[in-house]
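Peer 1: Sending over structure03.txt (compact mmCIF, C-alpha atoms).
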```
# COMPACT_ATOMS: atom_id res chain seq x y z
CA MET A 625 -21.55 -10.87 -0.50
CA GLU A 626 -19.47 -9.47 -3.32
CA SER A 627 -16.05 -11.05 -3.62
CA ARG A 628 -13.17 -11.38 -6.04
CA ASN A 629 -10.68 -14.01 -7.02
CA ILE A 630 -7.09 -12.89 -6.51
CA LYS A 631 -4.11 -14.84 -7.83
CA VAL A 632 -0.92 -15.63 -6.00
CA ILE A 633 1.80 -14.27 -8.29
CA ALA A 634 4.88 -14.95 -6.12
CA HIS A 635 6.12 -16.14 -2.76
CA ILE A 636 8.78 -14.68 -0.52
CA ARG A 637 11.84 -16.51 0.81
CA SER A 638 12.75 -14.94 4.10
CA ASP A 639 14.79 -15.77 7.20
CA PHE A 640 11.64 -16.02 9.34
CA PRO A 641 10.16 -19.54 9.33
CA GLU A 642 7.68 -18.64 12.07
CA LYS A 643 5.83 -15.57 13.32
CA PHE A 644 7.88 -15.05 16.48
CA GLY A 645 10.65 -12.55 15.77
CA ILE A 646 9.22 -11.04 12.59
CA PRO A 647 9.60 -7.24 12.70
CA ARG A 648 6.30 -5.53 13.46
CA GLN A 649 6.52 -3.35 10.37
CA SER A 650 8.58 -3.30 7.23
CA GLY A 651 11.88 -1.45 7.10
CA LEU A 652 12.82 -1.85 10.75
CA VAL A 653 15.50 -4.46 10.13
CA PRO A 654 17.96 -4.81 7.20
CA ASN A 655 17.13 -8.48 6.63
CA ARG A 656 17.22 -9.63 3.02
CA SER A 657 14.50 -11.67 1.37
CA ARG A 658 13.93 -13.00 -2.11
CA ILE A 659 10.73 -12.76 -4.14
CA VAL A 660 10.26 -15.81 -6.35
CA PHE A 661 7.59 -15.52 -9.02
CA GLU A 662 5.15 -18.27 -9.86
CA PRO A 663 6.07 -19.90 -13.19
CA GLU A 664 3.40 -17.97 -15.12
CA TYR A 665 4.86 -14.62 -13.95
CA ARG A 666 8.56 -15.41 -14.41
CA ASP A 667 8.98 -12.96 -17.22
CA ARG A 668 12.01 -10.65 -17.17
CA GLU A 669 10.03 -8.15 -19.22
CA ALA A 670 7.54 -7.66 -16.37
CA LEU A 671 10.41 -6.11 -14.36
CA ARG A 672 11.67 -3.75 -17.06
CA GLY A 673 12.47 -0.38 -15.46
CA ILE A 674 12.02 -1.52 -11.88
CA GLU A 675 15.69 -0.74 -11.07
CA GLY A 676 14.74 2.95 -11.28
CA TYR A 677 12.99 2.66 -7.92
CA ASP A 678 14.50 2.41 -4.46
CA TYR A 679 11.45 0.87 -2.81
CA LEU A 680 8.64 -1.48 -3.77
CA TRP A 681 5.23 -2.12 -2.29
CA LEU A 682 4.31 -5.70 -1.60
CA ILE A 683 0.64 -6.59 -1.25
CA TRP A 684 0.45 -10.02 0.30
CA GLU A 685 -1.53 -12.52 2.29
CA PHE A 686 -1.34 -12.79 6.07
CA SER A 687 -1.34 -16.52 5.49
CA GLU A 688 -1.27 -17.29 9.22
CA ALA A 689 -4.28 -15.07 9.91
CA VAL A 690 -6.90 -16.41 7.50
CA ARG A 691 -10.21 -16.62 9.36
CA ASP A 692 -13.84 -17.15 8.37
CA ARG A 693 -15.09 -14.48 10.74
CA TRP A 694 -13.91 -10.96 11.47
CA SER A 695 -13.90 -8.90 14.63
CA PRO A 696 -14.43 -5.10 14.59
CA THR A 697 -11.72 -4.62 17.21
CA VAL A 698 -8.27 -6.07 17.83
CA ARG A 699 -5.74 -5.74 20.66
CA PRO A 700 -2.44 -4.49 19.24
CA PRO A 701 0.63 -6.02 20.91
CA ARG A 702 2.25 -2.56 20.97
CA LEU A 703 -0.43 -1.38 23.39
CA GLY A 704 0.30 -4.23 25.76
CA GLY A 705 -2.37 -6.52 24.37
CA ASN A 706 -5.25 -5.30 26.52
CA VAL A 707 -6.49 -2.18 24.72
CA ARG A 708 -9.02 -2.67 21.92
CA MET A 709 -8.65 -0.65 18.71
CA GLY A 710 -10.83 -0.66 15.60
CA VAL A 711 -9.40 -3.09 13.08
CA PHE A 712 -9.23 -0.39 10.38
CA ALA A 713 -7.15 1.76 12.76
CA THR A 714 -4.49 -0.96 12.97
CA ARG A 715 -2.21 -2.97 10.72
CA SER A 716 -3.29 -6.15 12.51
CA PRO A 717 -3.36 -9.32 10.38
CA PHE A 718 -6.82 -10.17 11.73
CA ARG A 719 -8.94 -8.08 9.35
CA PRO A 720 -11.90 -8.74 7.04
CA ASN A 721 -9.45 -9.58 4.25
CA PRO A 722 -6.07 -10.84 5.52
CA ILE A 723 -4.14 -8.50 3.21
CA GLY A 724 -0.73 -7.17 4.21
CA LEU A 725 1.04 -4.08 2.87
CA SER A 726 4.80 -3.54 3.17
CA SER A 727 7.35 -1.24 1.60
CA VAL A 728 10.69 -2.92 1.02
CA ARG A 729 13.98 -1.65 -0.35
CA LEU A 730 14.84 -3.07 -3.75
CA ILE A 731 18.40 -4.41 -3.80
CA GLY A 732 18.27 -5.83 -7.29
CA ILE A 733 17.09 -8.39 -9.78
CA GLU A 734 18.85 -11.75 -9.54
CA GLU A 735 18.55 -14.55 -12.01
CA THR A 736 18.24 -17.95 -10.34
CA GLU A 737 17.12 -21.44 -11.30
CA GLU A 738 13.63 -20.18 -10.52
CA GLY A 739 13.86 -17.34 -12.98
CA ASN A 740 14.42 -13.68 -12.27
CA THR A 741 13.86 -12.93 -8.62
CA LEU A 742 13.76 -9.67 -6.68
CA LEU A 743 16.18 -9.28 -3.81
CA VAL A 744 14.71 -6.94 -1.20
CA GLU A 745 15.59 -5.61 2.25
CA GLY A 746 13.38 -4.93 5.25
CA ALA A 747 10.45 -7.26 4.56
CA ASP A 748 8.31 -8.21 7.55
CA LEU A 749 7.01 -11.38 5.85
CA MET A 750 7.22 -14.94 7.03
CA ASP A 751 9.03 -17.40 4.79
CA GLY A 752 6.69 -18.67 2.08
CA THR A 753 4.17 -15.81 2.29
CA PRO A 754 2.06 -15.54 -0.89
CA ILE A 755 2.26 -12.21 -2.74
CA TYR A 756 -0.60 -10.71 -4.76
CA ASP A 757 1.02 -7.63 -6.25
CA ILE A 758 4.30 -5.71 -6.48
CA LYS A 759 4.27 -1.98 -7.24
CA PRO A 760 6.93 0.71 -7.39
CA TYR A 761 7.07 3.15 -4.48
CA VAL A 762 6.28 6.57 -5.88
CA PRO A 763 7.44 9.14 -3.29
CA TYR A 764 5.37 12.08 -4.49
CA ALA A 765 2.16 10.13 -3.90
CA ASP A 766 3.18 7.61 -1.22
CA SER A 767 5.36 9.62 1.15
CA HIS A 768 3.83 11.70 3.95
CA PRO A 769 6.69 12.11 6.41
CA ASP A 770 4.76 14.51 8.66
CA ALA A 771 1.58 12.43 8.92
CA ARG A 772 0.40 11.69 12.43
CA GLY A 773 0.93 8.03 13.17
CA GLY A 774 -1.74 7.35 15.77
CA PHE A 775 -0.59 5.06 18.52
CA SER A 776 2.06 3.32 16.48
CA ASP A 777 5.56 3.24 17.77
CA SER A 778 8.57 4.16 15.74
CA LYS A 779 11.27 3.11 18.15
CA THR A 780 13.21 0.40 16.38
CA GLN A 781 15.85 -0.36 18.98
CA LYS A 782 14.06 -1.35 22.13
CA VAL A 783 16.75 -3.34 23.95
CA GLN A 784 20.53 -3.65 24.01
CA VAL A 785 21.61 -6.97 22.51
CA SER A 786 24.48 -8.88 23.99
CA VAL A 787 25.86 -11.88 22.04
CA PRO A 788 29.03 -13.70 23.09
CA GLU A 789 31.51 -13.56 20.22
CA GLN A 790 31.86 -17.35 19.91
CA LEU A 791 28.10 -17.57 19.36
CA LEU A 792 28.01 -14.76 16.81
CA GLU A 793 30.67 -16.59 14.79
CA LYS A 794 28.17 -19.38 14.14
CA VAL A 795 26.06 -16.91 12.16
CA PRO A 796 27.00 -16.30 8.51
CA ALA A 797 28.72 -12.90 8.36
CA GLU A 798 26.12 -11.38 6.04
CA LYS A 799 23.28 -12.32 8.43
CA ARG A 800 24.76 -10.95 11.65
CA GLU A 801 23.61 -7.36 11.35
CA ALA A 802 20.04 -8.41 10.53
CA LEU A 803 19.92 -10.92 13.39
CA ILE A 804 21.06 -8.35 15.94
CA ALA A 805 18.57 -5.83 14.58
CA VAL A 806 15.76 -8.39 14.86
CA LEU A 807 16.69 -9.07 18.48
CA ALA A 808 17.10 -5.34 19.27
CA GLN A 809 13.42 -4.91 18.50
CA ASP A 810 12.63 -7.12 21.46
CA PRO A 811 10.54 -9.89 19.93
CA ARG A 812 8.73 -10.65 23.20
CA PRO A 813 5.03 -9.92 23.50
CA SER A 814 4.67 -6.59 25.34
CA TYR A 815 2.94 -8.24 28.27
CA GLN A 816 5.76 -10.66 29.09
CA HIS A 817 8.38 -9.38 31.49
CA ASP A 818 9.78 -12.45 33.23
CA PRO A 819 13.60 -11.99 33.26
CA ASP A 820 14.17 -15.73 33.79
CA ARG A 821 12.11 -16.89 30.88
CA VAL A 822 14.14 -18.34 27.99
CA TYR A 823 12.76 -17.45 24.56
CA GLY A 824 13.53 -19.34 21.36
CA MET A 825 13.44 -17.73 17.95
CA SER A 826 14.09 -19.24 14.53
CA PHE A 827 16.08 -17.16 12.07
CA SER A 828 17.68 -18.24 8.81
CA GLY A 829 17.87 -21.91 9.73
CA MET A 830 19.19 -21.25 13.22
CA GLU A 831 17.55 -21.47 16.64
CA ILE A 832 18.45 -18.54 18.88
CA ARG A 833 17.75 -18.74 22.62
CA PHE A 834 17.79 -15.65 24.81
CA THR A 835 16.55 -13.94 27.97
CA VAL A 836 15.54 -10.31 28.46
CA SER A 837 16.15 -8.48 31.69
CA GLU A 838 15.52 -4.74 32.04
CA GLU A 839 16.71 -3.21 28.75
CA ARG A 840 19.19 -5.97 27.90
CA LEU A 841 18.65 -9.03 25.70
CA SER A 842 21.26 -11.75 26.28
CA VAL A 843 21.75 -14.52 23.73
CA LEU A 844 22.34 -17.89 25.42
CA SER A 845 22.79 -20.17 22.43
CA ILE A 846 22.71 -20.28 18.66
CA GLU A 847 22.28 -23.66 16.99
CA GLU A 848 21.69 -24.81 13.46
CA LYS A 849 18.31 -26.47 13.11
CA MET B 544 -2.93 -21.75 -10.01
CA GLU B 545 -3.18 -20.70 -6.40
CA SER B 546 -5.80 -18.05 -5.75
CA ARG B 547 -7.74 -16.46 -2.92
CA ASN B 548 -11.21 -15.13 -2.36
CA ILE B 549 -11.21 -11.46 -1.32
CA LYS B 550 -14.32 -9.69 -0.06
CA VAL B 551 -15.53 -6.26 -1.05
CA ILE B 552 -15.85 -4.42 2.28
CA ALA B 553 -16.83 -0.96 1.02
CA HIS B 554 -17.34 1.24 -2.04
CA ILE B 555 -16.23 4.79 -2.67
CA ARG B 556 -18.48 7.70 -3.66
CA SER B 557 -16.40 10.10 -5.67
CA ASP B 558 -16.92 12.97 -8.11
CA PHE B 559 -15.50 10.91 -10.98
CA PRO B 560 -18.18 8.87 -12.77
CA GLU B 561 -15.78 7.87 -15.54
CA LYS B 562 -12.05 7.28 -15.98
CA PHE B 563 -11.31 10.46 -17.95
CA GLY B 564 -10.17 13.18 -15.56
CA ILE B 565 -9.28 10.97 -12.60
CA PRO B 566 -5.94 12.10 -11.11
CA ARG B 567 -3.12 9.76 -12.06
CA GLN B 568 -2.12 9.20 -8.44
CA SER B 569 -3.66 9.86 -5.09
CA GLY B 570 -3.10 13.17 -3.31
CA LEU B 571 -2.70 15.33 -6.39
CA VAL B 572 -6.10 16.99 -6.10
CA PRO B 573 -8.07 18.02 -2.97
CA ASN B 574 -11.28 16.31 -4.11
CA ARG B 575 -13.40 14.77 -1.37
CA SER B 576 -14.83 11.27 -1.50
CA ARG B 577 -16.85 9.15 0.87
CA ILE B 578 -16.18 5.54 1.80
CA VAL B 579 -19.42 3.64 2.43
CA PHE B 580 -19.05 0.26 4.10
CA GLU B 581 -21.00 -2.81 3.06
CA PRO B 582 -23.73 -3.60 5.62
CA GLU B 583 -21.69 -6.36 7.26
CA TYR B 584 -18.82 -3.95 7.97
CA ARG B 585 -20.85 -0.92 9.15
CA ASP B 586 -19.61 -1.17 12.68
CA ARG B 587 -18.50 2.04 14.41
CA GLU B 588 -16.20 -0.05 16.59
CA ALA B 589 -14.12 -1.08 13.58
CA LEU B 590 -13.07 2.60 13.25
CA ARG B 591 -12.14 3.16 16.90
CA GLY B 592 -8.90 5.16 17.05
CA ILE B 593 -8.74 5.92 13.32
CA GLU B 594 -8.98 9.69 13.98
CA GLY B 595 -5.42 9.47 15.34
CA TYR B 596 -4.14 9.14 11.78
CA ASP B 597 -3.85 11.79 9.08
CA TYR B 598 -3.76 9.38 6.16
CA LEU B 599 -5.24 6.03 5.26
CA TRP B 600 -4.28 3.40 2.73
CA LEU B 601 -7.00 2.12 0.48
CA ILE B 602 -6.52 -1.24 -1.24
CA TRP B 603 -9.08 -1.47 -3.98
CA GLU B 604 -10.12 -2.98 -7.27
CA PHE B 605 -9.32 -1.40 -10.62
CA SER B 606 -12.85 -2.36 -11.56
CA GLU B 607 -12.48 -1.02 -15.11
CA ALA B 608 -9.31 -3.02 -15.72
CA VAL B 609 -10.37 -6.58 -14.90
CA ARG B 610 -8.94 -8.88 -17.57
CA ASP B 611 -8.52 -12.63 -17.96
CA ARG B 612 -5.03 -12.29 -19.35
CA TRP B 613 -2.03 -10.25 -18.29
CA SER B 614 0.73 -8.61 -20.25
CA PRO B 615 4.31 -8.35 -18.90
CA THR B 616 4.63 -4.79 -20.21
CA VAL B 617 2.39 -1.74 -20.33
CA ARG B 618 2.69 1.69 -21.93
CA PRO B 619 2.33 4.36 -19.25
CA PRO B 620 0.46 7.47 -20.41
CA ARG B 621 3.07 9.62 -18.65
CA LEU B 622 5.70 8.38 -21.09
CA GLY B 623 3.59 9.40 -24.05
CA GLY B 624 1.98 6.01 -24.50
CA ASN B 625 4.63 4.48 -26.74
CA VAL B 626 7.34 3.30 -24.31
CA ARG B 627 6.89 -0.15 -22.79
CA MET B 628 7.64 -0.67 -19.10
CA GLY B 629 7.44 -3.83 -17.01
CA VAL B 630 4.05 -4.00 -15.35
CA PHE B 631 5.64 -4.36 -11.88
CA ALA B 632 7.60 -1.14 -12.52
CA THR B 633 4.36 0.80 -12.98
CA ARG B 634 1.15 1.58 -11.13
CA SER B 635 -0.84 0.67 -14.26
CA PRO B 636 -4.28 -0.86 -13.63
CA PHE B 637 -3.53 -3.61 -16.15
CA ARG B 638 -1.67 -6.04 -13.88
CA PRO B 639 -1.98 -9.73 -12.97
CA ASN B 640 -4.34 -8.77 -10.13
CA PRO B 641 -6.19 -5.49 -10.75
CA ILE B 642 -5.39 -4.18 -7.27
CA GLY B 643 -5.00 -0.45 -6.64
CA LEU B 644 -3.20 1.24 -3.75
CA SER B 645 -3.82 4.85 -2.72
CA SER B 646 -3.05 6.99 0.28
CA VAL B 647 -5.81 9.44 1.10
CA ARG B 648 -6.14 12.14 3.75
CA LEU B 649 -8.68 11.30 6.43
CA ILE B 650 -11.03 14.23 6.97
CA GLY B 651 -13.30 12.47 9.45
CA ILE B 652 -15.96 9.94 10.29
CA GLU B 653 -19.47 10.95 9.28
CA GLU B 654 -22.64 9.15 10.27
CA THR B 655 -25.10 8.86 7.40
CA GLU B 656 -28.16 6.77 6.56
CA GLU B 657 -25.65 4.19 5.35
CA GLY B 658 -23.89 4.00 8.69
CA ASN B 659 -20.57 5.51 9.65
CA THR B 660 -18.65 6.57 6.57
CA LEU B 661 -15.12 7.88 6.12
CA LEU B 662 -14.73 11.25 4.45
CA VAL B 663 -11.38 11.40 2.65
CA GLU B 664 -9.46 13.79 0.40
CA GLY B 665 -7.25 13.09 -2.60
CA ALA B 666 -8.61 9.73 -3.74
CA ASP B 667 -7.91 8.76 -7.35
CA LEU B 668 -10.82 6.31 -7.46
CA MET B 669 -13.76 6.25 -9.83
CA ASP B 670 -17.21 6.53 -8.28
CA GLY B 671 -18.38 3.11 -7.09
CA THR B 672 -14.94 1.50 -6.89
CA PRO B 673 -14.93 -1.58 -4.62
CA ILE B 674 -12.54 -1.46 -1.65
CA TYR B 675 -10.84 -4.51 -0.12
CA ASP B 676 -9.04 -3.00 2.84
CA ILE B 677 -8.43 0.23 4.74
CA LYS B 678 -5.29 0.65 6.85
CA PRO B 679 -3.77 3.52 8.80
CA TYR B 680 -0.77 5.25 7.23
CA VAL B 681 2.18 4.69 9.55
CA PRO B 682 4.84 7.25 8.61
CA TYR B 683 7.82 5.49 10.19
CA ALA B 684 7.27 2.44 7.99
CA ASP B 685 5.46 3.90 4.97
CA SER B 686 7.25 7.18 4.32
CA HIS B 687 10.41 7.29 2.22
CA PRO B 688 10.58 10.92 1.07
CA ASP B 689 14.02 10.54 -0.54
CA ALA B 690 13.26 7.37 -2.50
CA ARG B 691 14.00 7.50 -6.19
CA GLY B 692 10.74 7.54 -8.11
CA GLY B 693 11.76 6.00 -11.41
CA PHE B 694 10.14 7.64 -14.39
CA SER B 695 7.11 8.90 -12.49
CA ASP B 696 6.30 12.52 -12.64
CA SER B 697 5.53 14.63 -9.63
CA LYS B 698 4.41 17.78 -11.41
CA THR B 699 0.82 18.30 -10.36
CA GLN B 700 0.07 21.53 -12.17
CA LYS B 701 0.65 20.92 -15.84
CA VAL B 702 -1.47 23.63 -17.45
CA GLN B 703 -2.93 27.01 -16.53
CA VAL B 704 -6.72 26.75 -16.19
CA SER B 705 -8.92 29.54 -17.42
CA VAL B 706 -12.64 29.43 -16.46
CA PRO B 707 -14.98 32.33 -17.20
CA GLU B 708 -16.51 33.51 -13.94
CA GLN B 709 -20.11 32.95 -15.00
CA LEU B 710 -19.27 29.29 -15.71
CA LEU B 711 -17.46 28.80 -12.40
CA GLU B 712 -20.55 30.07 -10.56
CA LYS B 713 -22.45 27.01 -11.81
CA VAL B 714 -20.13 24.83 -9.71
CA PRO B 715 -20.95 24.40 -6.01
CA ALA B 716 -18.50 26.57 -4.05
CA GLU B 717 -16.96 23.63 -2.17
CA LYS B 718 -16.21 21.79 -5.44
CA ARG B 719 -14.50 24.64 -7.32
CA GLU B 720 -10.99 24.19 -5.99
CA ALA B 721 -11.02 20.45 -6.70
CA LEU B 722 -12.40 20.94 -10.22
CA ILE B 723 -9.72 23.48 -11.12
CA ALA B 724 -7.04 21.20 -9.67
CA VAL B 725 -8.35 18.25 -11.72
CA LEU B 726 -8.21 20.35 -14.88
CA ALA B 727 -4.75 21.77 -14.01
CA GLN B 728 -3.40 18.24 -14.21
CA ASP B 729 -4.27 18.21 -17.91
CA PRO B 730 -6.54 15.19 -18.23
CA ARG B 731 -5.68 14.66 -21.91
CA PRO B 732 -3.74 11.59 -22.94
CA SER B 733 -0.08 12.64 -23.35
CA TYR B 734 -0.16 11.86 -27.05
CA GLN B 735 -3.00 14.23 -27.90
CA HIS B 736 -1.98 17.77 -28.76
CA ASP B 737 -4.70 19.09 -31.08
CA PRO B 738 -5.51 22.62 -29.84
CA ASP B 739 -8.91 22.61 -31.59
CA ARG B 740 -10.12 19.41 -30.06
CA VAL B 741 -12.93 19.83 -27.53
CA TYR B 742 -12.69 17.46 -24.58
CA GLY B 743 -15.59 16.56 -22.27
CA MET B 744 -15.09 15.49 -18.69
CA SER B 745 -17.67 14.47 -16.09
CA PHE B 746 -17.16 15.74 -12.56
CA SER B 747 -19.59 15.72 -9.66
CA GLY B 748 -22.69 15.52 -11.84
CA MET B 749 -21.49 18.17 -14.29
CA GLU B 750 -20.18 17.96 -17.82
CA ILE B 751 -17.16 20.21 -18.39
CA ARG B 752 -16.03 20.98 -21.95
CA PHE B 753 -12.63 22.46 -22.66
CA THR B 754 -9.79 22.90 -25.11
CA VAL B 755 -6.04 22.89 -24.44
CA SER B 756 -3.62 25.04 -26.39
CA GLU B 757 0.04 25.36 -25.42
CA GLU B 758 0.07 25.47 -21.62
CA ARG B 759 -3.46 26.84 -21.22
CA LEU B 760 -6.69 24.90 -20.65
CA SER B 761 -9.81 26.92 -21.45
CA VAL B 762 -13.20 25.84 -20.14
CA LEU B 763 -15.92 26.35 -22.75
CA SER B 764 -18.99 25.16 -20.90
CA ILE B 765 -20.18 23.62 -17.64
CA GLU B 766 -23.56 21.93 -17.64
CA GLU B 767 -25.44 19.82 -15.14
CA LYS B 768 -25.96 16.31 -16.46
```
Step by step, read the file and then write its structure as structure tokens.

Peer 2:
Amino acid sequence: MESRNIKVIAHIRSDFPEKFGIPRQSGLVPNRSRIVFEPEYRDREALRGIEGYDYLWLIWEFSEAVRDRWSPTVRPPRLGGNVRMGVFATRSPFRPNPIGLSSVRLIGIEETEEGNTLLVEGADLMDGTPIYDIKPYVPYADSHPDARGGFSDSKTQKVQVSVPEQLLEKVPAEKREALIAVLAQDPRPSYQHDPDRVYGMSFSGMEIRFTVSEERLSVLSIEEK
Amino acid sequence: MESRNIKVIAHIRSDFPEKFGIPRQSGLVPNRSRIVFEPEYRDREALRGIEGYDYLWLIWEFSEAVRDRWSPTVRPPRLGGNVRMGVFATRSPFRPNPIGLSSVRLIGIEETEEGNTLLVEGADLMDGTPIYDIKPYVPYADSHPDARGGFSDSKTQKVQVSVPEQLLEKVPAEKREALIAVLAQDPRPSYQHDPDRVYGMSFSGMEIRFTVSEERLSVLSIEEK
């Protein structure tokens, strides 16, 4: 079988150390992440002109979904987990090549000890995800606002989030909005509806515990890990 | 250096046997192409539900741009070929990984002797280009119509095309609109302005010869190859 060797050019630093809680698509949550280039690609010149764009494409590896075999169908969580769809009709990570595609908002270039990094908003990538390519978002070719979106679901706020104020104060001020937006998406699998079940989610070095009953998500505790 | 093995899952059949004349982005020209899966991936089930989407993403190999080395800057043809931009601020094929990204309109699934194929419109891929992944276009995550587009240029019709009627009759009726749209983009490199120069472009098994003077492209001959 024909195949190609693709290099890892960068990794992302995000607030999501595990899969649970990661937004199901890019752009749903205003969480900030940082793209750190591999030493060979830490060249400021390679970013010349990138500030002229509002959005970037990231092409990356679903590093948690690497498999030797592929399946023609998958069961998207959005459909409740029991309807099979063709893998090429979904954005599922379990595909012949575990390649992810996300548009993220470019906040800026920031120089760090690891060279020039890209600060971005709205990434749906787990911390440490390898990146293969970064491209500018070109609206005249990439934007089709009236396209039919199949079975996908655009509702970003799925539940009301309730967080006691003394718990919210444990979260750094600049992370609060993103955390609430992550929770408002309802991170539970669609097929779980037990109102007594306590869920735990890791976010930005904190462990957040919550329950969901009807349309309300209630945070029980927030602890540093 | 970290790297990954990526499989070729399909190839495209397009009207562009060579680079000259290929639209500079996807969606500019209503040319039709066919995606033919590799035998291992010719499974109708893998396409179940794909008709619910208007557009697809293709992630593919810039097969003519595979290089051992990379350069931090490139000179986009749209800027006249003498301004350097950071490679990550362009859609240039000459990038650390020669990965291309295009949105194409899905016309339909067609069964052929090579299994179920996808008929698509607007691809900017050379005939035979290897494809790594096919994903549905999800407008709520992928569409940013108001994004700033940097230096990229959205003008699709750059020149008036003049084709004598007896030449146009040599072109199959269903290919005429696409051919004229390809020519209207002005396939010349931006830095060439010699009105006497005769250009030759291959399209759908034909050789098209033309000149460009001021804002007018004049077709001189159309011959089967």

Peer 1: Given all atoms listed in the file, how would the per-residue table for chain A near chain B read, listing every residue at most 6 Å away with its closest atom pair and distance in Å to one decimal, sorted by chain and number, as a tab-separated table?

Peer 2:
```
residue	atom	partner	partner_atom	distance
A:Glu626	CA	B:Val551	CA	5.6
A:Ser627	CA	B:Lys550	CA	4.2
A:Arg628	CA	B:Ile549	CA	5.1
A:Asn629	CA	B:Asn548	CA	4.8
A:Ile630	CA	B:Arg547	CA	5.1
A:Lys631	CA	B:Ser546	CA	4.2
A:Val632	CA	B:Ser546	CA	5.5
A:Ser650	CA	B:Ala684	CA	5.9
A:Glu669	CA	B:Gly629	CA	5.5
A:Ala670	CA	B:Gly629	CA	3.9
A:Leu671	CA	B:Gly629	CA	4.6
A:Arg672	CA	B:Gly629	CA	4.2
A:Gly673	CA	B:Ala632	CA	5.7
A:Ile674	CA	B:Ala632	CA	4.5
A:Gly676	CA	B:Gly693	CA	4.3
A:Tyr677	CA	B:Gly693	CA	5.0
A:Asp678	CA	B:Arg691	CA	5.4
A:Pro696	CA	B:Ala589	CA	4.2
A:Thr697	CA	B:Ala589	CA	5.6
A:Met709	CA	B:Arg591	CA	5.5
A:Gly710	CA	B:Ala589	CA	3.9
A:Val711	CA	B:Ala589	CA	5.2
A:Phe712	CA	B:Lys678	CA	5.4
A:Ala713	CA	B:Ile593	CA	4.5
A:Ile758	CA	B:Phe631	CA	5.7
A:Lys759	CA	B:Phe631	CA	5.4
A:Pro760	CA	B:Ala632	CA	5.5
A:Val762	CA	B:Gly692	CA	5.1
A:Pro763	CA	B:Pro688	CA	5.7
A:Tyr764	CA	B:Ser697	CA	5.7
A:Ala765	CA	B:Ser569	CA	5.9
A:Ser767	CA	B:Ser686	CA	4.4
A:His768	CA	B:Ser686	CA	5.7
A:Pro769	CA	B:Ser686	CA	5.4
A:Ala771	CA	B:Asp597	CA	5.5
A:Arg772	CA	B:Tyr596	CA	5.2
A:Gly773	CA	B:Val681	CA	5.1
A:Gly774	CA	B:Gly595	CA	4.3
A:Ser778	CA	B:Tyr683	CA	5.8
```

Peer 1: Leaving out Val762 of chain B and any residue of its chain fewer than 3 positions from it, which residues lie within 12 Å of it when counting only C-alpha atoms, given as a ChimeraX atom specification?

Peer 2: /B:703-711,722-723,726-727,729,741-744,750-756,759,765-766

Peer 1: Near Gly829 of chain A, counting all atoms listed in the file, which residues have an atom at most 8 Å away, once you skip same-chain residues fewer than 4 positions from it, shown as a PDB file with C-alpha atoms, keeping the file's coordinate frame?

Peer 2:
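This went into out38.pdb:
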```pdb
ATOM      1  CA  ASP A 639      14.790 -15.770   7.200  1.00  0.00           C
ATOM      2  CA  GLU A 848      21.690 -24.810  13.460  1.00  0.00           C
ATOM      3  CA  LYS A 849      18.310 -26.470  13.110  1.00  0.00           C
TER       4      LYS A 849
END
```

Peer 1: Find, counting all atoms listed in the file, the residue in B:Ile652, B:Leu760, B:Ile578, B:Val714 that gets nearest to Met669 of chain B.

Peer 2: B:Ile578

Peer 1: As a PDB file with C-alpha atoms, keeping the file's coordinate frame, please: the residues near Thr672 of chain B (cut-off 9 Å, only C-alpha atoms, same-chain neighbours under 3 positions excluded).

Peer 2:
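Output contents, as saved in result_4.pdb:
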```pdb
ATOM      1  CA  ALA B 553     -16.830  -0.960   1.020  1.00  0.00           C
ATOM      2  CA  HIS B 554     -17.340   1.240  -2.040  1.00  0.00           C
ATOM      3  CA  ILE B 555     -16.230   4.790  -2.670  1.00  0.00           C
ATOM      4  CA  ARG B 556     -18.480   7.700  -3.660  1.00  0.00           C
ATOM      5  CA  SER B 557     -16.400  10.100  -5.670  1.00  0.00           C
ATOM      6  CA  TRP B 603      -9.080  -1.470  -3.980  1.00  0.00           C
ATOM      7  CA  GLU B 604     -10.120  -2.980  -7.270  1.00  0.00           C
ATOM      8  CA  PHE B 605      -9.320  -1.400 -10.620  1.00  0.00           C
ATOM      9  CA  SER B 606     -12.850  -2.360 -11.560  1.00  0.00           C
ATOM     10  CA  GLU B 607     -12.480  -1.020 -15.110  1.00  0.00           C
ATOM     11  CA  LEU B 668     -10.820   6.310  -7.460  1.00  0.00           C
ATOM     12  CA  MET B 669     -13.760   6.250  -9.830  1.00  0.00           C
TER      13      MET B 669
END
```

Peer 1: Which protein, DNA or RNA residues are at most 6 Å from (-8.5, 14.6, -17.8) in the file's coordinates when you count all atoms listed in the file, listed as a list in words?

Peer 2: Phe563, Gly564, Asp729, Pro730 and Arg731 of chain B

Peer 1: Separation of atom CA of Glu561 of chain B and atom CA of Ser764 of chain B, in Å?

Peer 2: 18.4 Å

Peer 1: Contacts of Ser814 of chain A at 7 Å or less, counting all atoms listed in the file, minus same-chain residues fewer than 2 places along, as a PyMOL selection string?

Peer 2: chain A and resi 701-702+704+812+816

Peer 1: Could you jot down the atom CA of Asp818 of chain A to atom CA of Lys782 of chain A separation for me, Å, one decimal place?

Peer 2: 16.3 Å

Peer 1: State, in Å with one decimal place, the distance from atom CA of Val690 of chain A to atom CA of Gly658 of chain B.

Peer 2: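 Spanning atom CA of Val690 of chain A to atom CA of Gly658 of chain B is a straight-line distance of 26.6 Å.
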
Peer 1: Can you pull out the residues contacting Arg656 of chain A? Cut-off 7 Å, using only C-alpha atoms, and skip same-chain residues under 3 positions away; I want them as a PyMOL selection string.

Peer 2: chain A and resi 743-746
